[in-house]
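Engineer: Input structure: target-v7.tsv, which contains TSV, C-alpha atoms and all ligand atoms.
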chain	number	residue	atom	x	y	z
X	262	MET	CA	86.56	110.02	122.58
X	263	GLY	CA	89.92	111.06	121.25
X	264	ARG	CA	89.63	108.50	118.48
X	265	SER	CA	91.81	109.20	115.45
X	266	TYR	CA	90.03	109.28	112.12
X	267	ARG	CA	91.18	108.47	108.61
X	268	ILE	CA	89.76	109.71	105.32
X	269	ALA	CA	90.13	107.36	102.36
X	270	PRO	CA	89.03	108.90	99.03
X	271	SER	CA	87.84	106.25	96.58
X	272	ILE	CA	89.46	106.81	93.20
X	273	LEU	CA	86.45	105.10	91.61
X	274	SER	CA	84.99	108.61	91.27
X	275	ALA	CA	88.25	110.19	90.04
X	276	ASN	CA	88.84	111.25	86.43
X	277	PHE	CA	90.58	108.14	85.07
X	278	ALA	CA	92.03	110.06	82.13
X	279	ARG	CA	94.10	112.02	84.68
X	280	LEU	CA	94.43	109.42	87.42
X	281	GLY	CA	97.99	110.27	88.50
X	282	ASP	CA	97.12	113.95	88.94
X	283	GLU	CA	93.94	113.01	90.81
X	284	VAL	CA	95.86	110.81	93.26
X	285	ALA	CA	98.46	113.54	93.84
X	286	ALA	CA	95.73	116.15	94.28
X	287	VAL	CA	93.74	114.17	96.81
X	288	VAL	CA	96.88	113.34	98.83
X	289	ALA	CA	97.86	117.03	98.81
X	290	ALA	CA	94.30	117.77	99.94
X	291	GLY	CA	94.83	115.71	103.09
X	292	ALA	CA	93.81	112.12	102.28
X	293	ASP	CA	95.18	109.49	104.66
X	294	MET	CA	94.61	106.55	102.32
X	295	ILE	CA	93.84	105.90	98.69
X	296	HIS	CA	90.85	103.54	98.45
X	297	PHE	CA	91.26	101.36	95.36
X	298	ASP	CA	88.07	99.60	94.20
X	299	VAL	CA	88.66	96.45	92.18
X	300	MET	CA	85.57	95.08	90.37
X	301	ASP	CA	85.43	92.07	88.08
X	302	ASN	CA	81.99	92.03	86.37
X	303	HIS	CA	81.40	88.71	88.14
X	304	TYR	CA	81.24	89.21	91.89
X	305	VAL	CA	79.83	92.70	91.19
X	306	PRO	CA	78.24	94.01	87.99
X	307	ASN	CA	80.98	96.46	87.08
X	308	LEU	CA	84.57	96.37	85.86
X	309	THR	CA	87.34	98.67	87.08
X	310	ILE	CA	91.07	98.58	87.70
X	311	GLY	CA	93.68	95.96	88.59
X	312	PRO	CA	97.27	95.49	89.78
X	313	LEU	CA	98.84	97.34	86.82
X	314	VAL	CA	97.05	100.52	87.83
X	315	CYS	CA	98.02	99.99	91.47
X	316	GLU	CA	101.65	99.66	90.41
X	317	ALA	CA	101.37	102.83	88.31
X	318	ILE	CA	100.07	104.99	91.17
X	319	ARG	CA	102.36	103.49	93.87
X	320	PRO	CA	105.32	105.82	93.16
X	321	LEU	CA	103.09	108.89	93.35
X	322	THR	CA	102.32	108.72	97.05
X	323	GLN	CA	103.44	107.60	100.50
X	324	ALA	CA	99.77	107.30	101.50
X	325	VAL	CA	98.40	103.88	102.35
X	326	ILE	CA	96.92	102.12	99.31
X	327	ASP	CA	93.79	100.39	100.55
X	328	VAL	CA	92.68	97.77	98.01
X	329	HIS	CA	89.00	96.75	98.18
X	330	LEU	CA	88.64	93.53	96.20
X	331	MET	CA	85.17	92.92	94.76
X	332	VAL	CA	86.32	89.89	92.81
X	333	GLU	CA	85.67	86.17	92.82
X	334	PRO	CA	87.78	84.12	93.29
X	335	VAL	CA	90.04	86.16	95.57
X	336	ASP	CA	93.28	84.25	96.16
X	337	ARG	CA	94.73	84.27	92.62
X	338	ILE	CA	94.97	88.06	92.52
X	339	VAL	CA	96.26	88.72	96.09
X	340	PRO	CA	100.02	88.28	95.41
X	341	ASP	CA	99.74	90.52	92.34
X	342	PHE	CA	98.38	93.39	94.45
X	343	ALA	CA	101.01	92.81	97.13
X	344	LYS	CA	103.73	93.08	94.47
X	345	ALA	CA	102.03	96.17	93.03
X	346	GLY	CA	102.47	97.97	96.37
X	347	ALA	CA	99.13	97.56	98.15
X	348	ASN	CA	99.28	98.12	101.93
X	349	ILE	CA	95.84	96.81	102.89
X	350	ILE	CA	93.87	94.18	100.97
X	351	SER	CA	90.20	93.60	101.86
X	352	PHE	CA	87.83	91.00	100.45
X	353	HIS	CA	84.24	89.79	100.77
X	354	PRO	CA	83.77	86.46	102.58
X	355	GLU	CA	81.17	85.29	100.01
X	356	ALA	CA	83.83	85.55	97.31
X	357	SER	CA	86.36	83.22	98.96
X	358	ALA	CA	85.90	79.48	99.41
X	359	HIS	CA	88.29	79.55	102.41
X	360	VAL	CA	88.12	82.81	104.31
X	361	ASP	CA	90.72	81.97	106.95
X	362	ARG	CA	93.16	80.83	104.26
X	363	THR	CA	92.68	84.03	102.25
X	364	ILE	CA	93.37	86.16	105.34
X	365	GLY	CA	96.57	84.16	105.88
X	366	LEU	CA	97.57	84.60	102.26
X	367	ILE	CA	97.15	88.39	102.46
X	368	ARG	CA	99.18	88.61	105.68
X	369	ASP	CA	101.88	86.25	104.39
X	370	SER	CA	102.24	88.45	101.32
X	371	GLY	CA	103.15	91.36	103.63
X	372	CYS	CA	99.85	93.26	103.57
X	373	LYS	CA	97.26	94.07	106.21
X	374	ALA	CA	94.04	92.10	105.86
X	375	GLY	CA	90.47	93.36	105.84
X	376	LEU	CA	87.10	91.58	105.71
X	377	VAL	CA	84.12	93.31	104.06
X	378	PHE	CA	80.47	92.97	105.05
X	379	ASN	CA	77.72	93.74	102.54
X	380	PRO	CA	74.45	95.17	103.85
X	381	ALA	CA	72.95	91.64	104.13
X	382	THR	CA	76.11	89.80	105.23
X	383	PRO	CA	75.93	88.69	108.88
X	384	LEU	CA	78.74	89.62	111.25
X	385	ASN	CA	79.21	86.10	112.62
X	386	TRP	CA	82.24	85.54	110.38
X	387	LEU	CA	83.98	87.78	112.93
X	388	ASP	CA	83.44	85.18	115.69
X	389	HIS	CA	86.16	83.16	114.02
X	390	VAL	CA	88.59	85.60	112.40
X	391	LEU	CA	88.56	88.99	114.13
X	392	ASP	CA	91.84	88.18	115.86
X	393	LYS	CA	93.54	87.83	112.46
X	394	LEU	CA	92.16	90.99	110.86
X	395	ASP	CA	93.64	94.48	110.63
X	396	LEU	CA	90.47	96.09	109.28
X	397	VAL	CA	86.73	95.44	109.17
X	398	LEU	CA	84.82	97.19	106.39
X	399	ILE	CA	81.08	97.71	106.71
X	400	MET	CA	79.46	98.42	103.34
X	401	SER	CA	76.77	101.08	103.57
X	402	VAL	CA	75.71	100.46	99.94
X	403	ASN	CA	75.57	97.31	97.85
X	404	PRO	CA	78.97	97.13	96.17
X	405	GLY	CA	79.48	97.87	92.49
X	406	PHE	CA	78.97	101.58	91.95
X	407	GLY	CA	79.89	104.95	93.35
X	408	GLY	CA	77.33	107.64	94.08
X	409	GLN	CA	74.69	105.49	95.86
X	410	SER	CA	72.82	106.52	99.01
X	411	PHE	CA	73.94	105.52	102.51
X	412	ILE	CA	71.89	102.59	103.90
X	413	PRO	CA	71.00	103.45	107.54
X	414	GLY	CA	71.16	99.79	108.62
X	415	ALA	CA	74.94	100.18	108.51
X	416	LEU	CA	74.84	102.26	111.72
X	417	PRO	CA	73.78	99.51	114.19
X	418	LYS	CA	76.13	97.15	112.38
X	419	LEU	CA	79.03	99.54	112.92
X	420	ALA	CA	78.09	99.79	116.59
X	421	ASP	CA	78.10	96.00	116.90
X	422	VAL	CA	81.56	95.72	115.30
X	423	ARG	CA	82.85	98.61	117.45
X	424	ARG	CA	81.87	96.63	120.57
X	425	ARG	CA	83.67	93.53	119.28
X	426	ILE	CA	86.82	95.47	118.35
X	427	ASP	CA	86.92	97.33	121.66
X	428	ALA	CA	86.42	94.11	123.63
X	429	MET	CA	89.28	92.44	121.78
X	430	HIS	CA	91.49	95.50	122.22
X	431	ALA	CA	90.82	95.56	125.97
X	432	GLU	CA	91.72	91.89	126.19
X	433	THR	CA	94.71	91.62	123.85
X	434	GLY	CA	95.83	95.15	122.91
X	435	ARG	CA	95.30	94.39	119.20
X	436	ALA	CA	94.02	97.31	117.14
X	437	VAL	CA	91.62	96.87	114.21
X	438	LEU	CA	90.40	99.68	111.96
X	439	LEU	CA	86.64	100.01	111.44
X	440	GLN	CA	85.99	101.31	107.95
X	441	VAL	CA	82.74	102.35	106.28
X	442	ASP	CA	82.20	102.55	102.52
X	443	GLY	CA	79.30	103.94	100.52
X	444	GLY	CA	77.34	107.18	100.57
X	445	VAL	CA	79.61	108.90	103.10
X	446	LYS	CA	79.18	112.70	102.88
X	447	VAL	CA	80.05	115.80	104.91
X	448	ASP	CA	76.54	115.85	106.37
X	449	ASN	CA	76.39	112.24	107.63
X	450	ILE	CA	80.02	111.54	108.58
X	451	ALA	CA	79.60	112.66	112.22
X	452	ALA	CA	76.67	110.29	112.81
X	453	ILE	CA	78.65	107.47	111.19
X	454	ALA	CA	81.60	108.23	113.47
X	455	ARG	CA	79.32	108.21	116.51
X	456	ALA	CA	78.17	104.72	115.48
X	457	GLY	CA	81.79	103.61	115.73
X	458	ALA	CA	83.60	104.00	112.39
X	459	ASP	CA	87.13	105.42	112.40
X	460	THR	CA	88.04	105.12	108.71
X	461	PHE	CA	85.82	106.71	106.05
X	462	VAL	CA	85.79	105.89	102.36
X	463	ALA	CA	84.31	108.66	100.25
X	464	GLY	CA	84.26	108.69	96.47
X	465	SER	CA	81.68	110.99	94.89
X	466	ALA	CA	81.61	113.31	97.94
X	467	ILE	CA	85.29	114.17	97.41
X	468	PHE	CA	85.95	113.71	93.70
X	469	GLY	CA	82.57	115.22	92.80
X	470	SER	CA	83.45	118.40	94.69
X	471	LYS	CA	85.31	121.37	93.24
X	472	ASP	CA	87.79	121.75	96.07
X	473	TYR	CA	89.06	118.43	97.47
X	474	ALA	CA	90.94	120.08	100.34
X	475	ALA	CA	87.87	122.05	101.44
X	476	THR	CA	85.70	118.91	101.35
X	477	ILE	CA	88.20	116.86	103.36
X	478	ALA	CA	88.57	119.75	105.82
X	479	SER	CA	84.77	119.90	106.22
X	480	MET	CA	84.72	116.16	106.89
X	481	ARG	CA	87.43	116.55	109.54
X	482	ALA	CA	85.56	119.44	111.14
X	483	ALA	CA	82.38	117.33	111.28
X	484	LEU	CA	84.40	114.47	112.81
X	485	LYS	CA	85.79	116.81	115.45
X	486	SER	CA	82.23	117.70	116.43
X	487	ALA	CA	81.47	113.97	116.71
X	488	GLY	CA	84.09	113.68	119.49
J	501	LIG	C1	81.26	100.75	95.96
J	501	LIG	C2	82.70	101.06	96.29
J	501	LIG	C3	82.90	102.34	96.99
J	501	LIG	C4	82.49	103.56	96.19
J	501	LIG	C5	82.02	104.60	97.15
J	501	LIG	O1	81.18	99.44	95.51
J	501	LIG	O2	83.25	100.03	97.11
J	501	LIG	O3	84.23	102.47	97.46
J	501	LIG	O4	83.52	104.10	95.42
J	501	LIG	O5	81.54	105.67	96.43
J	501	LIG	P1	80.62	106.78	97.11
J	501	LIG	O6	81.42	107.40	98.20
J	501	LIG	O7	80.32	107.70	95.98
J	501	LIG	O8	79.39	106.07	97.64
J	502	ZN	ZN	85.20	100.40	98.12
Go ahead and express the file in the form of structure tokens.
Ligand code: DX5
Ligand code: ZN
Structural biologist:
Amino acid sequence: MGRSYRIAPSILSANFARLGDEVAAVVAAGADMIHFDVMDNHYVPNLTIGPLVCEAIRPLTQAVIDVHLMVEPVDRIVPDFAKAGANIISFHPEASAHVDRTIGLIRDSGCKAGLVFNPATPLNWLDHVLDKLDLVLIMSVNPGFGGQSFIPGALPKLADVRRRIDAMHAETGRAVLLQVDGGVKVDNIAAIARAGADTFVAGSAIFGSKDYAATIASMRAALKSAG
């Protein structure tokens, strides 16, 4: 109740020929964060954008740039994204040989750190590192492509992470964002919020719509109904 929600449009579904205008438009439409999907054709079977593009969009917005690394290895590229103006850097534990070290590297480079869980990745990594994270990202699709359908198994997983985050917050006062990514739409966002998410990545739902502001407003209205 009274939870504050964040909408993070994924520019994966933006028109890359007009990327600067797309970023400006989605920020003007009410985005809280820009979700920046980095794919390497190795950890995931697709290839997208890197630090040069992050650097190019950085001057266009005050919004948080939320970098989702789907790359292996992870560590080599972290300082480049920090220099390019990323605010949050998230990575997949399977892609790093030393998860705790990578989290430290991200935080030492001045960014907030997130850990990402694929649909089949167990949550027990959190037993050891939740106290060092700023964000937990639950994937509700297998990573690599926009426009896939939401996997319902993400809902109990979100509820499990919500319990862990709330327990830690009660004990230590530390706040951790709980993000969801994949297949988030106007018609399922309330149920996803009720499962415990507070930060919503949406690519095709926003960039595939005619009116970004209307879509984001509909998402916020649905979130309000979720409590
Ligand atoms: C998938 C990416 C997502 C993707 C979401 O690997 O991490 O951020 O852009 O796209 P939609 O919202 O279309 O499922
Ligand atoms: Zn993503």
Engineer: Under the rule that only C-alpha atoms and all ligand atoms are counted, which of X:Pro334, X:Pro270, X:Pro417, X:Gly375 is the nearest residue to ligand LIG 501 (chain J)?
Structural biologist: X:Pro270
Engineer: Can you work out which residues are within 9 Å of ligand ZN 502 (chain J), considering only C-alpha atoms and all ligand atoms, and then hand them over as a list in words?
Structural biologist: Ser271, Leu273, His296, Phe297, Asp298, Val299, Asp327, Val328, His329, Leu330, Met331, Leu398, Met400, Pro404, Gly405, Phe406, Gly407, Val441, Asp442, Gly443, Val462, Ala463 and Gly464 of chain X
Engineer: Just checking: using all atoms listed in the file, which residue out of X:Gln409, X:Gln440, X:Thr322, X:Thr460 ends up closest to X:Leu376?
Structural biologist: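 Closest residue, counting all atoms listed in the file: X:Gln440.
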Engineer: If we count only C-alpha atoms, what is near X:Val339 at a cut-off of 8 Å, once residues fewer than 3 positions away on the same chain are taken out, given as a list in words?
Structural biologist: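 Everything that qualifies: Val335, Asp336, Phe342, Ala343, Ile350, Leu366, Ile367 and Ser370 of chain X.
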Engineer: I want to know what sits within 8 Å of X:Ala374, based on all atoms listed in the file, with residues of the same chain fewer than 6 positions away left out; could you give that as an mmCIF file with C-alpha atoms, in the frame of the given file?
Structural biologist:
data_model
loop_
_atom_site.group_PDB
_atom_site.id
_atom_site.type_symbol
_atom_site.label_atom_id
_atom_site.label_comp_id
_atom_site.auth_asym_id
_atom_site.auth_seq_id
_atom_site.Cartn_x
_atom_site.Cartn_y
_atom_site.Cartn_z
ATOM 1 C CA ILE X 349 95.840 96.810 102.890
ATOM 2 C CA ILE X 350 93.870 94.180 100.970
ATOM 3 C CA SER X 351 90.200 93.600 101.860
ATOM 4 C CA ILE X 364 93.370 86.160 105.340
ATOM 5 C CA ILE X 367 97.150 88.390 102.460
ATOM 6 C CA ARG X 368 99.180 88.610 105.680
ATOM 7 C CA LYS X 393 93.540 87.830 112.460
ATOM 8 C CA LEU X 394 92.160 90.990 110.860
ATOM 9 C CA ASP X 395 93.640 94.480 110.630
ATOM 10 C CA LEU X 396 90.470 96.090 109.280
#
Engineer: Find the residue from X:Val287, X:Val447, X:Ile272, X:Leu280 that sits nearest to X:Asp472; use all atoms listed in the file when measuring.
Structural biologist: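 Checking each of X:Val287, X:Val447, X:Ile272, X:Leu280 against X:Asp472, counting all atoms listed in the file, the winner is X:Val287.
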Engineer: Which of these residues is nearest to X:Ala436, using all atoms listed in the file: X:Ala454, X:Val397, X:Phe468, X:Ile268?
Structural biologist: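 Checking each of X:Ala454, X:Val397, X:Phe468, X:Ile268 against X:Ala436, counting all atoms listed in the file, the winner is X:Val397.
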Engineer: In terms of the shortest atom-to-atom distance over all atoms listed in the file, which of X:Arg423, X:Lys344, X:Lys446, X:Lys471 is closest to X:Ala317?
Structural biologist: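 Among X:Arg423, X:Lys344, X:Lys446, X:Lys471, it is X:Lys344 that comes nearest to X:Ala317.
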Engineer: Take atom CA of X:Ala466 and atom CA of X:Ile310 and report the distance between them in Å, one decimal.
Structural biologist: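 Separation between atom CA of X:Ala466 and atom CA of X:Ile310: 20.3 Å.
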Engineer: Using only C-alpha atoms - which residues lie no farther than 10 Å from the point (70.9, 98.2, 101.9) in the file's frame? Write them as a list of chain:residue names.
Structural biologist: X:Asn379, X:Pro380, X:Ala381, X:Met400, X:Ser401, X:Val402, X:Asn403, X:Pro404, X:Ser410, X:Phe411, X:Ile412, X:Pro413, X:Gly414, X:Ala415
Engineer: Nearest residue to X:Gln323 out of X:Ala458, X:Ala482, X:Ala451, X:Ala285, using all atoms listed in the file?
Structural biologist: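 Nearest to X:Gln323: X:Ala285.
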Engineer: As AutoDock Vina command-line options, what would the box around stretch 330-336 of chain X look like: edges along x, y and z, 3 Å added on every side, centre and edge lengths in Å to one decimal?
Structural biologist:
--center_x 89.2 --center_y 88.8 --center_z 94.5 --size_x 14.1 --size_y 15.4 --size_z 9.4
Engineer: Would you list the contacts of stretch 477-480 of chain X as a list in words, taking every protein, DNA or RNA residue within 7 Å and counting all atoms listed in the file, but skipping same-chain residues closer than 3 positions in sequence?
Structural biologist: Gly291, Val447, Ile450, Tyr473, Ala474, Ala483 and Leu484 of chain X
Engineer: Create the file for the chosen residues now, containing C-alpha atoms and written as an mmCIF file, in the coordinates of the input.
Structural biologist:
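Once written, result31.cif looks like this:
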data_model
loop_
_atom_site.group_PDB
_atom_site.id
_atom_site.type_symbol
_atom_site.label_atom_id
_atom_site.label_comp_id
_atom_site.auth_asym_id
_atom_site.auth_seq_id
_atom_site.Cartn_x
_atom_site.Cartn_y
_atom_site.Cartn_z
ATOM 1 C CA GLY X 291 94.830 115.710 103.090
ATOM 2 C CA VAL X 447 80.050 115.800 104.910
ATOM 3 C CA ILE X 450 80.020 111.540 108.580
ATOM 4 C CA TYR X 473 89.060 118.430 97.470
ATOM 5 C CA ALA X 474 90.940 120.080 100.340
ATOM 6 C CA ALA X 483 82.380 117.330 111.280
ATOM 7 C CA LEU X 484 84.400 114.470 112.810
#
Engineer: To one decimal place in Å, what is the distance between atom CA of X:Ala292 and atom CA of X:Ala324?
Structural biologist: 7.7 Å
Engineer: So the first atom is atom CA of X:Asp421 and the second is atom CA of X:Pro306; what is the distance between them in Å, to one decimal place?
Structural biologist: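 One can read the atom CA of X:Asp421 to atom CA of X:Pro306 distance as 29.0 Å.
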